[in-house]
file data_4.cif (mmCIF, C-alpha atoms)
data_structure
loop_
_atom_site.label_atom_id
_atom_site.label_comp_id
_atom_site.auth_asym_id
_atom_site.auth_seq_id
_atom_site.Cartn_x
_atom_site.Cartn_y
_atom_site.Cartn_z
CA MET A 1 -5.60 11.75 32.80
CA ARG A 2 -8.67 9.67 31.85
CA ALA A 3 -8.59 11.09 28.33
CA GLY A 4 -4.94 10.07 28.07
CA ILE A 5 -5.69 6.52 29.22
CA ASN A 6 -8.59 6.24 26.77
CA ALA A 7 -6.34 7.39 23.95
CA VAL A 8 -3.71 4.81 24.83
CA THR A 9 -6.35 2.06 25.01
CA ALA A 10 -7.75 3.06 21.64
CA ALA A 11 -4.26 3.02 20.15
CA LEU A 12 -3.62 -0.45 21.50
CA VAL A 13 -6.91 -1.78 20.08
CA VAL A 14 -6.19 -0.26 16.69
CA GLY A 15 -2.67 -1.73 16.77
CA VAL A 16 -3.97 -5.21 17.53
CA LEU A 17 -6.55 -5.02 14.73
CA ILE A 18 -3.90 -3.86 12.26
CA GLY A 19 -1.63 -6.71 13.37
CA LEU A 20 -4.40 -9.25 12.83
CA ALA A 21 -5.22 -7.82 9.42
CA LEU A 22 -1.62 -8.26 8.27
CA THR A 23 -1.59 -12.07 8.69
CA PRO A 24 -3.68 -14.78 6.97
CA ASP A 25 -4.64 -16.36 10.30
CA GLY A 26 -5.50 -12.97 11.73
CA ARG A 27 -7.71 -12.07 8.77
CA GLY A 28 -9.44 -15.44 9.09
CA TRP A 29 -10.07 -14.81 12.78
CA LEU A 30 -11.45 -11.33 12.10
CA ARG A 31 -13.87 -12.78 9.52
CA ARG A 32 -15.09 -15.43 11.95
CA PRO A 33 -13.92 -14.94 15.58
CA THR A 34 -13.57 -18.11 17.62
CA LEU A 35 -12.88 -19.07 21.21
CA MET A 36 -10.37 -21.68 20.06
CA PRO A 37 -7.26 -19.62 20.92
CA GLY A 38 -8.28 -20.07 24.58
CA GLY A 39 -8.51 -23.86 24.31
CA ALA A 40 -10.29 -24.61 27.58
CA ALA A 41 -13.07 -22.14 26.86
CA ASN A 42 -14.06 -24.05 23.76
CA ALA A 43 -13.78 -27.46 25.37
CA SER A 44 -15.96 -26.53 28.30
CA ALA A 45 -18.53 -24.47 26.42
CA SER A 46 -22.16 -24.89 27.41
CA PRO A 47 -24.31 -27.19 25.26
CA SER A 48 -25.89 -25.79 22.10
CA PRO A 49 -29.62 -26.17 21.39
CA THR A 50 -28.77 -29.06 19.04
CA THR A 51 -29.87 -32.42 20.39
CA VAL A 52 -26.79 -34.60 20.58
CA SER A 53 -27.06 -38.35 20.16
CA PRO A 54 -24.07 -40.69 20.48
CA ALA A 55 -25.19 -42.49 17.32
CA ALA A 56 -23.18 -41.73 14.19
CA LEU A 57 -24.22 -41.94 10.59
CA PRO A 58 -23.94 -45.41 9.01
CA ALA A 59 -20.47 -46.05 7.70
CA ALA A 60 -20.33 -45.44 3.96
CA PRO A 61 -18.32 -47.94 1.93
CA ALA A 62 -14.75 -46.89 1.32
CA ALA A 63 -12.53 -47.55 -1.65
CA PRO A 64 -9.54 -49.80 -0.91
CA GLY A 65 -6.60 -47.77 0.35
CA PRO A 66 -3.11 -47.94 -1.13
CA ALA A 67 -0.89 -50.83 -0.12
CA LEU A 68 1.33 -49.69 2.74
CA THR A 69 4.77 -50.92 3.71
CA PRO A 70 4.20 -53.02 6.86
CA LEU A 71 5.53 -51.47 10.07
CA ALA A 72 7.45 -54.67 10.77
CA ALA A 73 9.41 -54.22 7.53
CA ARG A 74 10.20 -50.61 8.41
CA ALA A 75 11.29 -51.52 11.92
CA ALA A 76 13.41 -54.38 10.54
CA SER A 77 15.33 -51.82 8.47
CA GLY A 78 16.43 -50.21 11.74
CA HIS A 79 14.25 -47.10 11.66
CA LEU A 80 10.62 -46.47 12.64
CA ARG A 81 9.37 -42.87 12.67
CA ILE A 82 6.12 -42.23 14.54
CA GLY A 83 4.32 -38.88 14.49
CA VAL A 84 1.63 -37.85 16.98
CA PHE A 85 -1.05 -35.46 15.64
CA GLY A 86 -3.94 -33.77 17.41
CA ASP A 87 -4.78 -31.16 20.02
CA SER A 88 -3.74 -30.65 23.65
CA MET A 89 -4.93 -34.18 24.52
CA ALA A 90 -2.52 -35.50 21.89
CA ASP A 91 0.30 -33.52 23.52
CA GLY A 92 -0.07 -35.75 26.57
CA LEU A 93 -0.40 -38.84 24.41
CA TRP A 94 2.90 -37.94 22.73
CA THR A 95 4.60 -37.67 26.12
CA GLY A 96 3.33 -41.10 27.13
CA LEU A 97 4.20 -42.70 23.79
CA TYR A 98 7.68 -41.20 23.85
CA ARG A 99 8.27 -42.76 27.26
CA GLU A 100 6.85 -46.12 26.16
CA MET A 101 8.99 -46.30 23.01
CA ARG A 102 12.22 -44.63 24.10
CA ASP A 103 13.98 -47.94 24.79
CA GLN A 104 13.18 -49.34 21.34
CA PRO A 105 16.28 -49.09 19.09
CA GLY A 106 15.72 -47.03 15.95
CA VAL A 107 12.26 -45.78 16.99
CA ARG A 108 11.62 -42.03 17.00
CA VAL A 109 8.41 -40.42 18.27
CA THR A 110 7.81 -36.83 17.10
CA LYS A 111 5.18 -34.37 18.33
CA PHE A 112 3.18 -32.68 15.57
CA SER A 113 0.15 -31.86 17.74
CA GLU A 114 -0.93 -28.30 18.57
CA VAL A 115 -3.21 -27.02 21.32
CA SER A 116 -6.61 -25.52 20.40
CA THR A 117 -6.75 -27.19 16.99
CA GLY A 118 -9.26 -29.64 15.53
CA LEU A 119 -11.10 -30.80 12.43
CA SER A 120 -14.12 -28.49 12.74
CA ARG A 121 -12.55 -25.05 12.29
CA TYR A 122 -10.35 -25.11 9.19
CA ASP A 123 -10.81 -21.33 9.01
CA TYR A 124 -8.66 -21.23 12.17
CA VAL A 125 -6.09 -23.95 11.35
CA ASP A 126 -6.43 -26.11 8.23
CA ILE A 127 -5.28 -29.44 9.67
CA GLN A 128 -5.26 -31.12 6.25
CA ALA A 129 -2.84 -28.56 4.80
CA LYS A 130 -0.81 -28.30 8.00
CA THR A 131 -0.32 -32.07 8.26
CA ALA A 132 0.74 -32.27 4.61
CA ARG A 133 3.38 -29.61 5.25
CA GLN A 134 4.59 -31.32 8.41
CA ILE A 135 5.18 -34.73 6.86
CA ALA A 136 6.80 -33.14 3.79
CA GLU A 137 9.31 -31.45 6.09
CA GLU A 138 9.74 -34.46 8.38
CA PRO A 139 8.66 -37.79 6.83
CA ILE A 140 7.15 -40.43 9.10
CA ASP A 141 6.15 -44.09 8.89
CA ALA A 142 3.13 -44.07 11.22
CA ALA A 143 0.69 -41.38 12.36
CA VAL A 144 -1.07 -41.59 15.72
CA ILE A 145 -4.05 -39.19 15.72
CA LEU A 146 -6.17 -37.85 18.59
CA PHE A 147 -8.51 -34.94 17.82
CA GLY A 148 -11.89 -33.94 19.18
CA THR A 149 -11.85 -31.88 22.37
CA ASN A 150 -12.21 -28.65 20.32
CA ASP A 151 -14.52 -30.07 17.66
CA ALA A 152 -17.99 -29.70 19.23
CA GLN A 153 -18.80 -26.66 17.08
CA GLY A 154 -20.21 -25.97 13.66
CA ILE A 155 -18.45 -26.75 10.39
CA SER A 156 -18.63 -24.26 7.52
CA ILE A 157 -18.69 -25.83 4.04
CA ASP A 158 -19.07 -23.56 0.99
CA GLY A 159 -20.61 -20.82 3.09
CA GLU A 160 -23.10 -23.12 4.83
CA ILE A 161 -22.67 -23.77 8.53
CA HIS A 162 -23.59 -27.26 9.74
CA ASP A 163 -24.43 -27.16 13.45
CA PHE A 164 -22.71 -29.69 15.68
CA GLY A 165 -24.51 -33.00 15.96
CA THR A 166 -26.65 -32.63 12.84
CA ASP A 167 -26.48 -35.10 9.96
CA GLY A 168 -24.81 -32.41 7.85
CA TRP A 169 -22.14 -31.96 10.51
CA LYS A 170 -21.52 -35.70 10.77
CA THR A 171 -21.14 -35.96 7.00
CA ALA A 172 -18.75 -32.99 6.87
CA TYR A 173 -16.69 -34.22 9.81
CA ALA A 174 -16.50 -37.74 8.37
CA LYS A 175 -15.20 -36.31 5.08
CA ARG A 176 -12.45 -34.40 6.88
CA VAL A 177 -11.46 -37.57 8.70
CA ASP A 178 -11.46 -39.50 5.42
CA ASP A 179 -9.44 -36.83 3.61
CA LEU A 180 -6.80 -36.73 6.36
CA VAL A 181 -6.43 -40.51 6.37
CA ALA A 182 -6.27 -40.64 2.56
CA MET A 183 -3.58 -37.97 2.41
CA LEU A 184 -1.42 -39.77 4.99
CA ARG A 185 -1.85 -43.18 3.40
CA GLY A 186 -1.08 -41.67 0.03
CA GLN A 187 2.36 -40.85 1.49
CA ASN A 188 2.82 -44.48 2.67
CA VAL A 189 2.03 -43.53 6.28
CA ALA A 190 0.22 -46.07 8.46
CA VAL A 191 -2.59 -44.45 10.46
CA TYR A 192 -3.74 -45.22 14.01
CA TRP A 193 -6.68 -43.22 15.35
CA VAL A 194 -7.12 -42.90 19.11
CA GLY A 195 -10.60 -42.35 20.55
CA LEU A 196 -11.47 -39.73 23.14
CA PRO A 197 -11.62 -40.72 26.81
CA ALA A 198 -14.68 -40.45 29.06
CA MET A 199 -15.39 -36.90 30.25
CA LYS A 200 -16.61 -35.66 33.63
CA ARG A 201 -19.50 -33.41 32.55
CA ALA A 202 -22.33 -35.49 31.06
CA SER A 203 -23.23 -32.99 28.32
CA PHE A 204 -19.63 -32.65 27.16
CA ASP A 205 -19.11 -36.41 27.39
CA ALA A 206 -22.11 -36.93 25.08
CA ARG A 207 -20.53 -34.60 22.54
CA MET A 208 -17.20 -36.39 22.67
CA MET A 209 -18.87 -39.80 22.36
CA LEU A 210 -20.74 -38.56 19.28
CA ILE A 211 -17.37 -37.66 17.76
CA ASN A 212 -16.04 -41.09 18.74
CA GLY A 213 -19.02 -42.65 16.99
CA VAL A 214 -18.38 -40.82 13.72
CA VAL A 215 -14.63 -41.53 13.79
CA SER A 216 -14.86 -45.19 14.78
CA ALA A 217 -17.37 -45.82 11.99
CA ARG A 218 -15.03 -44.23 9.45
CA MET A 219 -12.01 -46.17 10.71
CA ALA A 220 -13.97 -49.42 10.36
CA ALA A 221 -14.94 -48.46 6.80
CA LEU A 222 -11.38 -47.45 5.91
CA GLY A 223 -9.70 -50.41 7.57
CA VAL A 224 -7.73 -48.18 9.95
CA PRO A 225 -6.96 -49.30 13.53
CA TYR A 226 -9.17 -47.44 16.02
CA ILE A 227 -7.96 -47.57 19.61
CA GLU A 228 -10.74 -46.68 22.03
CA THR A 229 -9.94 -45.13 25.42
CA GLU A 230 -13.44 -44.59 26.81
CA THR A 231 -13.69 -47.84 28.76
CA ILE A 232 -10.20 -47.63 30.25
CA THR A 233 -10.98 -44.15 31.62
CA GLN A 234 -14.11 -45.33 33.45
CA ASN A 235 -14.49 -47.23 36.71
CA ALA A 236 -15.92 -50.73 37.10
CA GLU A 237 -19.44 -49.29 36.98
CA GLY A 238 -18.77 -47.63 33.61
CA GLU A 239 -18.71 -44.12 35.07
CA TYR A 240 -16.22 -41.27 34.97
CA ASP A 241 -13.79 -41.50 37.87
CA ALA A 242 -10.78 -39.25 38.40
CA TYR A 243 -9.06 -42.03 40.36
CA LEU A 244 -8.47 -45.40 38.72
CA PRO A 245 -6.27 -48.41 39.53
CA GLU A 246 -2.77 -48.24 38.13
CA THR A 247 -1.72 -51.00 35.76
CA GLY A 248 0.54 -53.48 37.50
CA THR A 249 0.15 -52.26 41.08
CA GLY A 250 -3.63 -51.84 41.21
CA ARG A 251 -3.09 -48.77 43.37
CA ARG A 252 -5.64 -45.99 42.82
CA ARG A 253 -4.01 -43.02 41.13
CA LEU A 254 -5.25 -39.61 40.08
CA MET A 255 -5.80 -39.95 36.33
CA ARG A 256 -7.53 -36.67 35.41
CA ALA A 257 -6.85 -32.94 35.47
CA ASN A 258 -9.14 -30.61 37.40
CA ASP A 259 -11.08 -29.65 34.28
CA GLY A 260 -12.46 -33.18 33.94
CA ILE A 261 -11.25 -33.24 30.33
CA HIS A 262 -7.49 -33.61 30.23
CA MET A 263 -5.41 -36.25 32.02
CA SER A 264 -2.75 -36.31 34.69
CA MET A 265 0.57 -37.86 33.65
CA ALA A 266 -0.63 -41.17 35.08
CA GLY A 267 -3.78 -40.79 32.97
CA TYR A 268 -1.86 -40.12 29.78
CA LEU A 269 0.26 -43.18 30.43
CA ARG A 270 -2.95 -45.15 30.90
CA ILE A 271 -4.39 -44.20 27.49
CA THR A 272 -0.94 -44.67 25.92
CA GLU A 273 -0.69 -48.32 26.97
CA PRO A 274 -3.01 -49.80 24.29
CA VAL A 275 -1.56 -47.49 21.63
CA ALA A 276 2.02 -48.53 22.37
CA ALA A 277 1.01 -52.19 22.56
CA ARG A 278 -0.62 -52.04 19.11
CA LEU A 279 2.35 -50.25 17.54
CA LYS A 280 4.83 -52.69 19.07
CA ARG A 281 2.78 -55.65 17.88
CA ASP A 282 2.43 -54.34 14.32
CA ALA A 283 6.12 -53.41 14.16
CA GLY A 284 7.25 -56.76 15.55
CA LEU A 285 8.84 -55.11 18.58
CA VAL A 286 7.21 -57.36 21.15
CA SER A 287 9.70 -59.85 22.53
CA PRO A 288 8.41 -63.44 22.57
CA VAL A 289 7.63 -64.79 26.03
CA ALA A 290 10.21 -67.40 27.04
CA GLU A 291 8.91 -70.86 27.85
CA PRO A 292 9.44 -71.85 31.50
CA ALA A 293 12.23 -74.32 32.07
CA ALA A 294 11.17 -77.92 32.62
#
call {"tool": "encode", "arguments": {"input": "data_4.cif", "output": "structure tokens"}}
result
Amino acid sequence: MRAGINAVTAALVVGVLIGLALTPDGRGWLRRPTLMPGGAANASASPSPTTVSPAALPAAPAAPGPALTPLAARAASGHLRIGVFGDSMADGLWTGLYREMRDQPGVRVTKFSEVSTGLSRYDYVDIQAKTARQIAEEPIDAAVILFGTNDAQGISIDGEIHDFGTDGWKTAYAKRVDDLVAMLRGQNVAVYWVGLPAMKRASFDARMMLINGVVSARMAALGVPYIETETITQNAEGEYDAYLPETGTGRRRLMRANDGIHMSMAGYLRITEPVAARLKRDAGLVSPVAEPAA
């Protein structure tokens, strides 16, 4: 009986390996296995020996980007197509943004995000190539981007692995950010980059804030709106708090998932608020406040 079970197990293992070898993604995974398919395992991984500092490299000067059609002009034509790109955190952002914009005539919000993806492991999913394919199949006017929860791992460039947090990693990550923005803007797509929220575990929070530092510096250099969410996901003392006051009512609501990384629906709506407000302002969708009657 045991010999039969062992034979079946061996057959299953061989079948899985053959299946992986028959696909490009599978072959890439076999060459360099990653925890990314599990999502949460990567996001909650223990710290590496690399010393992580929140400081990013100085922002390098950027060449002027192409002139983009203003969002207000696109909205005035009766159509405004917004795409949300990123990982599982961006999935929640898309849900919140869809709810915030659903009453705006002619505005469509499409989800292009995918769990367990990021900008560090292009051997797993090449976000640059994937995004280019997505917008070719479904053109958009504005891209809202939120990556990072899977990105605290090394980046391989030309066979050299740059460990997370090193200057080489920051340079490589900044280039991938720049390349993604340049590709989108080259297709007349306005870009809005959303920063990562505060995280519960101090070591993981430090990693995410390092990523925020690199990205915010690049957005400033490129002239791209960067919408930070760190401060609005902290309490009055500037600390992580799963319960925060709800906008409007002031009632304390559960904003975070149990993993201390993702958000509850109330939390996703919270980080969506400044994103929706910026998009509405730039697209001229904010109704003027009426003057009180004399």
call {"tool": "closest_residue", "arguments": {"input": "data_4.cif", "among": "A:His79, A:His162, A:His262, A:Lys130", "to": "Leu196 in chain A", "atoms": "only C-alpha atoms"}}
result
A:His262
call {"tool": "residues_around", "arguments": {"input": "data_4.cif", "residues": "Pro139 in chain A", "least_positions_apart": "6", "cutoff": "10 Å", "atoms": "all atoms listed in the file", "output": "number ranges by chain"}}
result
A: 81-83, 132-133, 187-189
call {"tool": "resolve_selection", "arguments": {"input": "data_4.cif", "expression": "the PyMOL selection byres ((chain A and resi 272) around 10)", "output": "VMD selection string"}}
result
chain A and resid 92 to 100 194 227 229 266 to 271 273 to 277
call {"tool": "atom_distance", "arguments": {"input": "data_4.cif", "atom1": "CA of Asp126 in chain A", "atom2": "CA of Ala190 in chain A"}}
result
21.0 Å
call {"tool": "residues_near_point", "arguments": {"input": "data_4.cif", "point": "(-5.7, -47.7, 2.8)", "cutoff": "8 Å", "atoms": "all atoms listed in the file", "output": "MDAnalysis selection string"}}
result
chainID A and resid 64:68 182 185 222:224
call {"tool": "resolve_selection", "arguments": {"input": "data_4.cif", "expression": "the PyMOL selection byres ((chain A and resi 157-160) around 12)", "output": "ChimeraX atom specification"}}
result
/A:32,120-123,154-156,161-163,168-169,171-173,175-176
call {"tool": "closest_residue", "arguments": {"input": "data_4.cif", "among": "A:Glu228, A:Ser264, A:Arg256, A:Met199", "to": "Tyr240 in chain A", "atoms": "all atoms listed in the file"}}
result
A:Met199
call {"tool": "resolve_selection", "arguments": {"input": "data_4.cif", "expression": "the PyMOL selection byres ((chain A and resi 115) around 6)", "output": "ChimeraX atom specification"}}
result
/A:87-88,114,116-117
call {"tool": "write_last_selection", "arguments": {"input": "data_4.cif", "atoms": "C-alpha atoms", "output": "JSON list (two decimals), in the coordinates of the input"}}
result
[["chain", "number", "residue", "atom", "x", "y", "z"],
["A", 87, "ASP", "CA", -4.78, -31.16, 20.02],
["A", 88, "SER", "CA", -3.74, -30.65, 23.65],
["A", 114, "GLU", "CA", -0.93, -28.30, 18.57],
["A", 116, "SER", "CA", -6.61, -25.52, 20.40],
["A", 117, "THR", "CA", -6.75, -27.19, 16.99]]
call {"tool": "closest_residue", "arguments": {"input": "data_4.cif", "among": "A:Val107, A:Ala90, A:Val286, A:Met219", "to": "Asp141 in chain A", "atoms": "only C-alpha atoms"}}
result
A:Val107
call {"tool": "atom_distance", "arguments": {"input": "data_4.cif", "atom1": "CA of Asp179 in chain A", "atom2": "CA of Arg281 in chain A"}}
result
26.6 Å
call {"tool": "closest_residue", "arguments": {"input": "data_4.cif", "among": "A:Met263, A:Ala198, A:Leu119, A:Ala136", "to": "Gly238 in chain A", "atoms": "all atoms listed in the file"}}
result
A:Ala198
call {"tool": "closest_residue", "arguments": {"input": "data_4.cif", "among": "A:Asp151, A:Asp167, A:Asp282, A:Asp259", "to": "Lys200 in chain A", "atoms": "all atoms listed in the file"}}
result
A:Asp259
call {"tool": "atom_distance", "arguments": {"input": "data_4.cif", "atom1": "CA of Arg278 in chain A", "atom2": "CA of Ile211 in chain A"}}
result
22.1 Å
call {"tool": "closest_residue", "arguments": {"input": "data_4.cif", "among": "A:Ala221, A:Ala152, A:Leu279, A:Ala257", "to": "Tyr192 in chain A", "atoms": "only C-alpha atoms"}}
result
A:Leu279
